[in-house]
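Chemist: Just model.pdb, nothing more (PDB, C-alpha atoms and all ligand atoms):
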ATOM      1  CA  MET A 984     -56.554-119.018 -89.225  1.00  0.00           C
ATOM      2  CA  GLU A 985     -54.586-115.836 -89.853  1.00  0.00           C
ATOM      3  CA  THR A 986     -54.973-114.850 -86.210  1.00  0.00           C
ATOM      4  CA  LYS A 987     -53.755-118.191 -84.981  1.00  0.00           C
ATOM      5  CA  LYS A 988     -50.683-118.036 -87.156  1.00  0.00           C
ATOM      6  CA  LYS A 989     -49.875-114.552 -85.965  1.00  0.00           C
ATOM      7  CA  LEU A 990     -50.263-115.590 -82.352  1.00  0.00           C
ATOM      8  CA  LYS A 991     -47.769-118.363 -82.783  1.00  0.00           C
ATOM      9  CA  VAL A 992     -44.965-116.147 -84.001  1.00  0.00           C
ATOM     10  CA  SER A 993     -45.703-113.007 -82.051  1.00  0.00           C
ATOM     11  CA  ALA A 994     -46.797-114.164 -78.617  1.00  0.00           C
ATOM     12  CA  ILE A 995     -45.473-116.444 -75.960  1.00  0.00           C
ATOM     13  CA  ARG A 996     -47.584-117.938 -73.222  1.00  0.00           C
ATOM     14  CA  ASN A 997     -45.121-117.581 -70.355  1.00  0.00           C
ATOM     15  CA  GLY A 998     -41.657-116.144 -70.401  1.00  0.00           C
ATOM     16  CA  THR A 999     -39.745-112.974 -71.058  1.00  0.00           C
ATOM     17  CA  VAL A1000     -39.561-110.600 -73.989  1.00  0.00           C
ATOM     18  CA  ILE A1001     -36.398-108.519 -73.937  1.00  0.00           C
ATOM     19  CA  ASP A1002     -37.276-105.346 -75.813  1.00  0.00           C
ATOM     20  CA  ARG A1003     -35.156-102.365 -76.900  1.00  0.00           C
ATOM     21  CA  ILE A1004     -31.875-104.146 -77.469  1.00  0.00           C
ATOM     22  CA  PRO A1005     -29.618-102.077 -79.748  1.00  0.00           C
ATOM     23  CA  ALA A1006     -29.755-103.854 -83.131  1.00  0.00           C
ATOM     24  CA  GLY A1007     -26.010-104.529 -83.132  1.00  0.00           C
ATOM     25  CA  GLN A1008     -26.071-106.130 -79.686  1.00  0.00           C
ATOM     26  CA  LEU A1009     -28.571-108.930 -80.348  1.00  0.00           C
ATOM     27  CA  PHE A1010     -26.077-111.775 -80.569  1.00  0.00           C
ATOM     28  CA  HIS A1011     -24.004-110.320 -77.765  1.00  0.00           C
ATOM     29  CA  VAL A1012     -27.032-110.473 -75.469  1.00  0.00           C
ATOM     30  CA  ILE A1013     -27.768-114.060 -76.525  1.00  0.00           C
ATOM     31  CA  GLU A1014     -24.158-114.971 -75.806  1.00  0.00           C
ATOM     32  CA  ILE A1015     -23.777-113.345 -72.401  1.00  0.00           C
ATOM     33  CA  LEU A1016     -27.034-114.876 -71.210  1.00  0.00           C
ATOM     34  CA  GLY A1017     -25.921-118.316 -72.381  1.00  0.00           C
ATOM     35  CA  LEU A1018     -29.195-118.672 -74.294  1.00  0.00           C
ATOM     36  CA  ALA A1019     -27.661-120.496 -77.251  1.00  0.00           C
ATOM     37  CA  ARG A1020     -26.576-123.310 -74.952  1.00  0.00           C
ATOM     38  CA  GLY A1021     -29.925-123.800 -73.278  1.00  0.00           C
ATOM     39  CA  ASP A1022     -32.901-125.677 -74.609  1.00  0.00           C
ATOM     40  CA  PHE A1023     -35.094-122.597 -74.542  1.00  0.00           C
ATOM     41  CA  GLN A1024     -37.709-121.934 -77.157  1.00  0.00           C
ATOM     42  CA  MET A1025     -36.576-118.580 -78.422  1.00  0.00           C
ATOM     43  CA  THR A1026     -37.437-116.241 -81.257  1.00  0.00           C
ATOM     44  CA  PHE A1027     -35.836-112.965 -82.082  1.00  0.00           C
ATOM     45  CA  GLY A1028     -36.229-110.081 -84.443  1.00  0.00           C
ATOM     46  CA  THR A1029     -33.701-107.517 -85.450  1.00  0.00           C
ATOM     47  CA  ASN A1030     -33.587-104.190 -87.261  1.00  0.00           C
ATOM     48  CA  LEU A1031     -37.099-103.439 -86.074  1.00  0.00           C
ATOM     49  CA  GLU A1032     -38.206 -99.833 -85.952  1.00  0.00           C
ATOM     50  CA  SER A1033     -37.811 -98.138 -82.600  1.00  0.00           C
ATOM     51  CA  LYS A1034     -38.799 -94.635 -81.552  1.00  0.00           C
ATOM     52  CA  VAL A1035     -36.095 -94.684 -78.901  1.00  0.00           C
ATOM     53  CA  LEU A1036     -33.196 -96.382 -80.651  1.00  0.00           C
ATOM     54  CA  GLY A1037     -33.890 -95.978 -84.383  1.00  0.00           C
ATOM     55  CA  VAL A1038     -33.592 -99.709 -84.905  1.00  0.00           C
ATOM     56  CA  LYS A1039     -33.750-102.362 -82.248  1.00  0.00           C
ATOM     57  CA  SER A1040     -33.774-106.068 -81.634  1.00  0.00           C
ATOM     58  CA  ILE A1041     -36.065-108.109 -79.451  1.00  0.00           C
ATOM     59  CA  ILE A1042     -35.742-111.606 -78.014  1.00  0.00           C
ATOM     60  CA  LYS A1043     -38.648-113.726 -76.815  1.00  0.00           C
ATOM     61  CA  ILE A1044     -37.855-116.655 -74.585  1.00  0.00           C
ATOM     62  CA  SER A1045     -40.514-119.100 -73.464  1.00  0.00           C
ATOM     63  CA  ASP A1046     -40.601-120.243 -69.843  1.00  0.00           C
ATOM     64  CA  LYS A1047     -37.599-118.155 -68.875  1.00  0.00           C
ATOM     65  CA  PHE A1048     -37.498-115.538 -66.143  1.00  0.00           C
ATOM     66  CA  PHE A1049     -34.196-113.846 -65.454  1.00  0.00           C
ATOM     67  CA  GLU A1050     -32.355-113.550 -62.150  1.00  0.00           C
ATOM     68  CA  GLU A1051     -30.745-110.339 -60.953  1.00  0.00           C
ATOM     69  CA  ASP A1052     -27.280-111.170 -62.335  1.00  0.00           C
ATOM     70  CA  ASP A1053     -28.660-111.764 -65.807  1.00  0.00           C
ATOM     71  CA  VAL A1054     -30.681-108.548 -65.688  1.00  0.00           C
ATOM     72  CA  ASN A1055     -27.463-106.711 -64.830  1.00  0.00           C
ATOM     73  CA  ARG A1056     -25.647-108.427 -67.708  1.00  0.00           C
ATOM     74  CA  ILE A1057     -28.361-107.201 -70.061  1.00  0.00           C
ATOM     75  CA  ALA A1058     -28.051-103.659 -68.660  1.00  0.00           C
ATOM     76  CA  LEU A1059     -24.337-103.587 -69.464  1.00  0.00           C
ATOM     77  CA  VAL A1060     -24.826-104.152 -73.192  1.00  0.00           C
ATOM     78  CA  ALA A1061     -28.386-102.864 -73.609  1.00  0.00           C
ATOM     79  CA  PRO A1062     -28.920-100.083 -71.058  1.00  0.00           C
ATOM     80  CA  ASP A1063     -32.300 -99.113 -72.568  1.00  0.00           C
ATOM     81  CA  ALA A1064     -33.672-102.639 -72.554  1.00  0.00           C
ATOM     82  CA  ILE A1065     -37.036-103.454 -71.037  1.00  0.00           C
ATOM     83  CA  LEU A1066     -37.993-106.905 -69.827  1.00  0.00           C
ATOM     84  CA  ASN A1067     -41.609-107.752 -70.463  1.00  0.00           C
ATOM     85  CA  ILE A1068     -42.667-110.536 -68.134  1.00  0.00           C
ATOM     86  CA  ILE A1069     -45.371-112.630 -69.786  1.00  0.00           C
ATOM     87  CA  LYS A1070     -47.820-114.829 -67.932  1.00  0.00           C
ATOM     88  CA  ASP A1071     -50.641-116.527 -69.788  1.00  0.00           C
ATOM     89  CA  TYR A1072     -50.093-114.305 -72.866  1.00  0.00           C
ATOM     90  CA  GLN A1073     -50.399-111.119 -70.793  1.00  0.00           C
ATOM     91  CA  VAL A1074     -47.643-108.660 -69.987  1.00  0.00           C
ATOM     92  CA  VAL A1075     -47.728-108.688 -66.185  1.00  0.00           C
ATOM     93  CA  GLU A1076     -44.655-106.529 -65.683  1.00  0.00           C
ATOM     94  CA  LYS A1077     -42.530-104.145 -67.726  1.00  0.00           C
ATOM     95  CA  ARG A1078     -39.175-103.926 -66.046  1.00  0.00           C
ATOM     96  CA  PRO A1079     -36.570-101.479 -67.349  1.00  0.00           C
ATOM     97  CA  VAL A1080     -33.025-102.669 -66.728  1.00  0.00           C
ATOM     98  CA  VAL A1081     -30.934-100.523 -64.409  1.00  0.00           C
ATOM     99  CA  ILE A1082     -27.162-100.393 -64.240  1.00  0.00           C
ATOM    100  CA  PRO A1083     -26.351-101.153 -60.614  1.00  0.00           C
ATOM    101  CA  SER A1084     -23.873 -98.999 -58.665  1.00  0.00           C
ATOM    102  CA  GLU A1085     -21.749-102.071 -58.024  1.00  0.00           C
ATOM    103  CA  ILE A1086     -21.162-105.034 -60.329  1.00  0.00           C
ATOM    104  CA  CYS A1087     -19.717-108.265 -58.916  1.00  0.00           C
ATOM    105  CA  GLY A1088     -18.468-111.285 -60.827  1.00  0.00           C
ATOM    106  CA  LEU A1089     -19.942-110.272 -64.191  1.00  0.00           C
ATOM    107  CA  VAL A1090     -17.073-108.491 -65.937  1.00  0.00           C
ATOM    108  CA  ARG A1091     -13.345-109.168 -66.271  1.00  0.00           C
ATOM    109  CA  CYS A1092     -10.758-106.621 -65.184  1.00  0.00           C
ATOM    110  CA  LEU A1093      -8.581-105.599 -68.121  1.00  0.00           C
ATOM    111  CA  ASN A1094      -5.519-105.008 -65.974  1.00  0.00           C
ATOM    112  CA  PRO A1095      -3.356-108.128 -66.501  1.00  0.00           C
ATOM    113  CA  ARG A1096      -1.742-107.588 -63.080  1.00  0.00           C
ATOM    114  CA  CYS A1097      -5.052-107.295 -61.233  1.00  0.00           C
ATOM    115  CA  ILE A1098      -5.495-109.851 -58.447  1.00  0.00           C
ATOM    116  CA  THR A1099      -8.781-110.985 -60.005  1.00  0.00           C
ATOM    117  CA  ASN A1100      -6.807-112.309 -62.982  1.00  0.00           C
ATOM    118  CA  HIS A1101      -4.483-114.371 -60.776  1.00  0.00           C
ATOM    119  CA  GLU A1102      -6.425-115.453 -57.720  1.00  0.00           C
ATOM    120  CA  PRO A1103      -9.885-116.958 -57.404  1.00  0.00           C
ATOM    121  CA  VAL A1104     -11.319-113.574 -56.444  1.00  0.00           C
ATOM    122  CA  LYS A1105     -14.643-112.405 -57.816  1.00  0.00           C
ATOM    123  CA  THR A1106     -14.296-109.177 -59.776  1.00  0.00           C
ATOM    124  CA  ARG A1107     -15.940-106.142 -58.245  1.00  0.00           C
ATOM    125  CA  PHE A1108     -16.500-102.779 -59.889  1.00  0.00           C
ATOM    126  CA  THR A1109     -18.236 -99.555 -59.095  1.00  0.00           C
ATOM    127  CA  THR A1110     -20.015 -97.946 -62.020  1.00  0.00           C
ATOM    128  CA  ARG A1111     -19.973 -94.341 -63.104  1.00  0.00           C
ATOM    129  CA  MET A1112     -21.823 -92.641 -65.930  1.00  0.00           C
ATOM    130  CA  THR A1113     -19.620 -90.213 -67.840  1.00  0.00           C
ATOM    131  CA  PRO A1114     -20.276 -88.118 -70.959  1.00  0.00           C
ATOM    132  CA  GLY A1115     -18.430 -90.860 -72.868  1.00  0.00           C
ATOM    133  CA  GLY A1116     -20.683 -93.589 -71.500  1.00  0.00           C
ATOM    134  CA  LEU A1117     -20.504 -96.109 -68.711  1.00  0.00           C
ATOM    135  CA  VAL A1118     -17.183 -96.601 -66.918  1.00  0.00           C
ATOM    136  CA  LEU A1119     -16.394 -99.443 -64.516  1.00  0.00           C
ATOM    137  CA  ILE A1120     -13.771 -98.914 -61.827  1.00  0.00           C
ATOM    138  CA  CYS A1121     -12.086-102.000 -60.394  1.00  0.00           C
ATOM    139  CA  HIS A1122     -12.397-102.255 -56.616  1.00  0.00           C
ATOM    140  CA  TYR A1123      -8.962-103.933 -56.348  1.00  0.00           C
ATOM    141  CA  CYS A1124      -6.682-102.127 -58.807  1.00  0.00           C
ATOM    142  CA  GLU A1125      -8.744 -99.039 -59.702  1.00  0.00           C
ATOM    143  CA  LYS A1126      -8.360 -99.729 -63.422  1.00  0.00           C
ATOM    144  CA  GLU A1127     -11.115 -98.011 -65.378  1.00  0.00           C
ATOM    145  CA  THR A1128     -12.854 -99.928 -68.131  1.00  0.00           C
ATOM    146  CA  GLY A1129     -15.086 -98.218 -70.662  1.00  0.00           C
ATOM    147  CA  GLN A1130     -18.298 -99.671 -72.024  1.00  0.00           C
ATOM    148  CA  LYS A1131     -16.751-100.502 -75.407  1.00  0.00           C
ATOM    149  CA  ASN A1132     -14.077-102.675 -73.811  1.00  0.00           C
ATOM    150  CA  LEU A1133     -16.247-104.606 -71.400  1.00  0.00           C
ATOM    151  CA  GLN A1134     -15.498-108.315 -71.302  1.00  0.00           C
ATOM    152  CA  ILE A1135     -18.583-109.811 -69.835  1.00  0.00           C
ATOM    153  CA  ILE A1136     -18.349-113.177 -68.150  1.00  0.00           C
ATOM    154  CA  SER A1137     -21.008-115.368 -69.752  1.00  0.00           C
ATOM    155  CA  ASN A1138     -23.660-117.172 -67.808  1.00  0.00           C
ATOM    156  CA  ASN A1139     -22.948-120.895 -67.777  1.00  0.00           C
TER
HETATM  157 ZN    ZN B   1      -8.625-104.836 -61.423  1.00  0.00          ZN
END
Would you mind giving the structure from this file in structure tokens?
Ligand SMILES: [Zn+2]

Modeler:
Amino acid sequence: METKKKLKVSAIRNGTVIDRIPAGQLFHVIEILGLARGDFQMTFGTNLESKVLGVKSIIKISDKFFEEDDVNRIALVAPDAILNIIKDYQVVEKRPVVIPSEICGLVRCLNPRCITNHEPVKTRFTTRMTPGGLVLICHYCEKETGQKNLQIISNN
């Protein structure tokens, strides 16, 4: 009985467990992935102990497997995150997120005069790691946007 109860809250049959989300970014991740608007069965935990992060959050989503764009969205706010792909209660893949060298259509340009804020042009940035963290450089206006100021375009 105890085992069964534990299984219900801690395991999912098929889906994705997003591990190693910084504790403060849990709701940000839920928002940018549009998870609150879906009809997904989802559980999450926050302020869990983590050797890597100190404290972390995790999200478990049943019957959900993420596409490339969503994985890149996760990388932007949780660069240490790992996606555990679950099939039939087994972890079949552990996939660390990677910040791609180019990011298209996921982030807004903060330059109000940038063409992407006036024309139906997909935003496009190259990424650079600096001592201060991730920086995105706009392909069109060369405006640099730091990680703290990222305005991520949510998944609809
Ligand atoms: Zn721009």

Chemist: Around (-25.1, -109.8, -78.3) in the file's own coordinates, what residues are found within 12 Å if you use all atoms listed in the file, given back as a ChimeraX atom specification?

Modeler: /A:1004-1019,1027,1029,1040-1042,1056-1061,1134-1135,1137

Chemist: I need the chosen residues saved as an mmCIF file, in the coordinates of the input, with C-alpha atoms.

Modeler:
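Saved file result36.cif follows:
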data_model
loop_
_atom_site.group_PDB
_atom_site.id
_atom_site.type_symbol
_atom_site.label_atom_id
_atom_site.label_comp_id
_atom_site.auth_asym_id
_atom_site.auth_seq_id
_atom_site.Cartn_x
_atom_site.Cartn_y
_atom_site.Cartn_z
ATOM 1 C CA ILE A 1004 -31.875 -104.146 -77.469
ATOM 2 C CA PRO A 1005 -29.618 -102.077 -79.748
ATOM 3 C CA ALA A 1006 -29.755 -103.854 -83.131
ATOM 4 C CA GLY A 1007 -26.010 -104.529 -83.132
ATOM 5 C CA GLN A 1008 -26.071 -106.130 -79.686
ATOM 6 C CA LEU A 1009 -28.571 -108.930 -80.348
ATOM 7 C CA PHE A 1010 -26.077 -111.775 -80.569
ATOM 8 C CA HIS A 1011 -24.004 -110.320 -77.765
ATOM 9 C CA VAL A 1012 -27.032 -110.473 -75.469
ATOM 10 C CA ILE A 1013 -27.768 -114.060 -76.525
ATOM 11 C CA GLU A 1014 -24.158 -114.971 -75.806
ATOM 12 C CA ILE A 1015 -23.777 -113.345 -72.401
ATOM 13 C CA LEU A 1016 -27.034 -114.876 -71.210
ATOM 14 C CA GLY A 1017 -25.921 -118.316 -72.381
ATOM 15 C CA LEU A 1018 -29.195 -118.672 -74.294
ATOM 16 C CA ALA A 1019 -27.661 -120.496 -77.251
ATOM 17 C CA PHE A 1027 -35.836 -112.965 -82.082
ATOM 18 C CA THR A 1029 -33.701 -107.517 -85.450
ATOM 19 C CA SER A 1040 -33.774 -106.068 -81.634
ATOM 20 C CA ILE A 1041 -36.065 -108.109 -79.451
ATOM 21 C CA ILE A 1042 -35.742 -111.606 -78.014
ATOM 22 C CA ARG A 1056 -25.647 -108.427 -67.708
ATOM 23 C CA ILE A 1057 -28.361 -107.201 -70.061
ATOM 24 C CA ALA A 1058 -28.051 -103.659 -68.660
ATOM 25 C CA LEU A 1059 -24.337 -103.587 -69.464
ATOM 26 C CA VAL A 1060 -24.826 -104.152 -73.192
ATOM 27 C CA ALA A 1061 -28.386 -102.864 -73.609
ATOM 28 C CA GLN A 1134 -15.498 -108.315 -71.302
ATOM 29 C CA ILE A 1135 -18.583 -109.811 -69.835
ATOM 30 C CA SER A 1137 -21.008 -115.368 -69.752
#

Chemist: So that I can check the surroundings of A:Cys1121, please list as a PyMOL selection string every protein, DNA and RNA residue that reaches within 6 Å of it, counting only C-alpha atoms and ignoring chain neighbours fewer than 4 positions away.

Modeler: chain A and resi 1108+1125-1126

Chemist: Can you measure atom CA of A:Gln1024 to atom CA of A:Lys1047 for me? One decimal in Å is fine.

Modeler: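 For atom CA of A:Gln1024 relative to atom CA of A:Lys1047, the distance reads 9.1 Å.
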
Chemist: For the file shown, what are the residues hit by the PyMOL selection byres (((not hetatm)) within 7 of (chain B and resi 1)), laid out as a short mmCIF file (atom, residue, chain, number, x, y, z; two decimals) with C-alpha atoms, in the coordinates of the input?

Modeler:
data_model
loop_
_atom_site.label_atom_id
_atom_site.label_comp_id
_atom_site.auth_asym_id
_atom_site.auth_seq_id
_atom_site.Cartn_x
_atom_site.Cartn_y
_atom_site.Cartn_z
CA CYS A 1092 -10.76 -106.62 -65.18
CA LEU A 1093 -8.58 -105.60 -68.12
CA ASN A 1094 -5.52 -105.01 -65.97
CA CYS A 1097 -5.05 -107.30 -61.23
CA ILE A 1098 -5.50 -109.85 -58.45
CA THR A 1099 -8.78 -110.98 -60.00
CA CYS A 1121 -12.09 -102.00 -60.39
CA HIS A 1122 -12.40 -102.26 -56.62
CA TYR A 1123 -8.96 -103.93 -56.35
CA CYS A 1124 -6.68 -102.13 -58.81
CA GLU A 1125 -8.74 -99.04 -59.70
CA LYS A 1126 -8.36 -99.73 -63.42
#

Chemist: Which residues match the PyMOL selection byres (((chain A and resi 1076-1090) around 7) and not hetatm) in the file above, as a VMD selection string?

Modeler: chain A and resid 1054 to 1056 1058 to 1059 1062 to 1068 1074 to 1075 1091 to 1092 1105 to 1110 1133 to 1136

Chemist: Rank A:Gln1073, A:Ser1033, A:Thr999, A:Thr1128 by their smallest atom-to-atom distance to A:Asp1046, using only C-alpha atoms, and report the top residue only.

Modeler: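 Using only C-alpha atoms, A:Asp1046 sits closest to A:Thr999.
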
Chemist: Using Å and a single decimal, report how far atom CA of A:Gly1037 sits from atom CA of A:Asn1132.

Modeler: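 Atom CA of A:Gly1037 lies at a distance of 23.4 Å from atom CA of A:Asn1132.
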
Chemist: Any idea what the distance is between atom CA of A:Ser1045 and atom CA of A:Ile1069?

Modeler: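 Straight-line distance from atom CA of A:Ser1045 to atom CA of A:Ile1069 works out to 8.9 Å.
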
Chemist: Compare A:Gln1130, A:Asn997, A:Asn1030, A:Asn1138 by their minimum atom-to-atom distance to A:Arg1111, counting all atoms listed in the file, and give me the closest one.

Modeler: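 Of all the options, A:Gln1130 lies closest to A:Arg1111.
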
Chemist: Considering only C-alpha atoms, state which residue in the set A:Asp1071, A:Glu1050, A:Asp1022, A:Glu1032 is at the smallest distance from A:Gly998.

Modeler: A:Asp1071

Chemist: Box for stretch 1092-1111 of chain A - axis-aligned, 8 Å on each of the six sides, all listed atoms - centre and size in Å to one decimal, as AutoDock Vina command-line options.

Modeler:
--center_x -10.9 --center_y -105.6 --center_z -62.3 --size_x 34.3 --size_y 38.6 --size_z 27.7
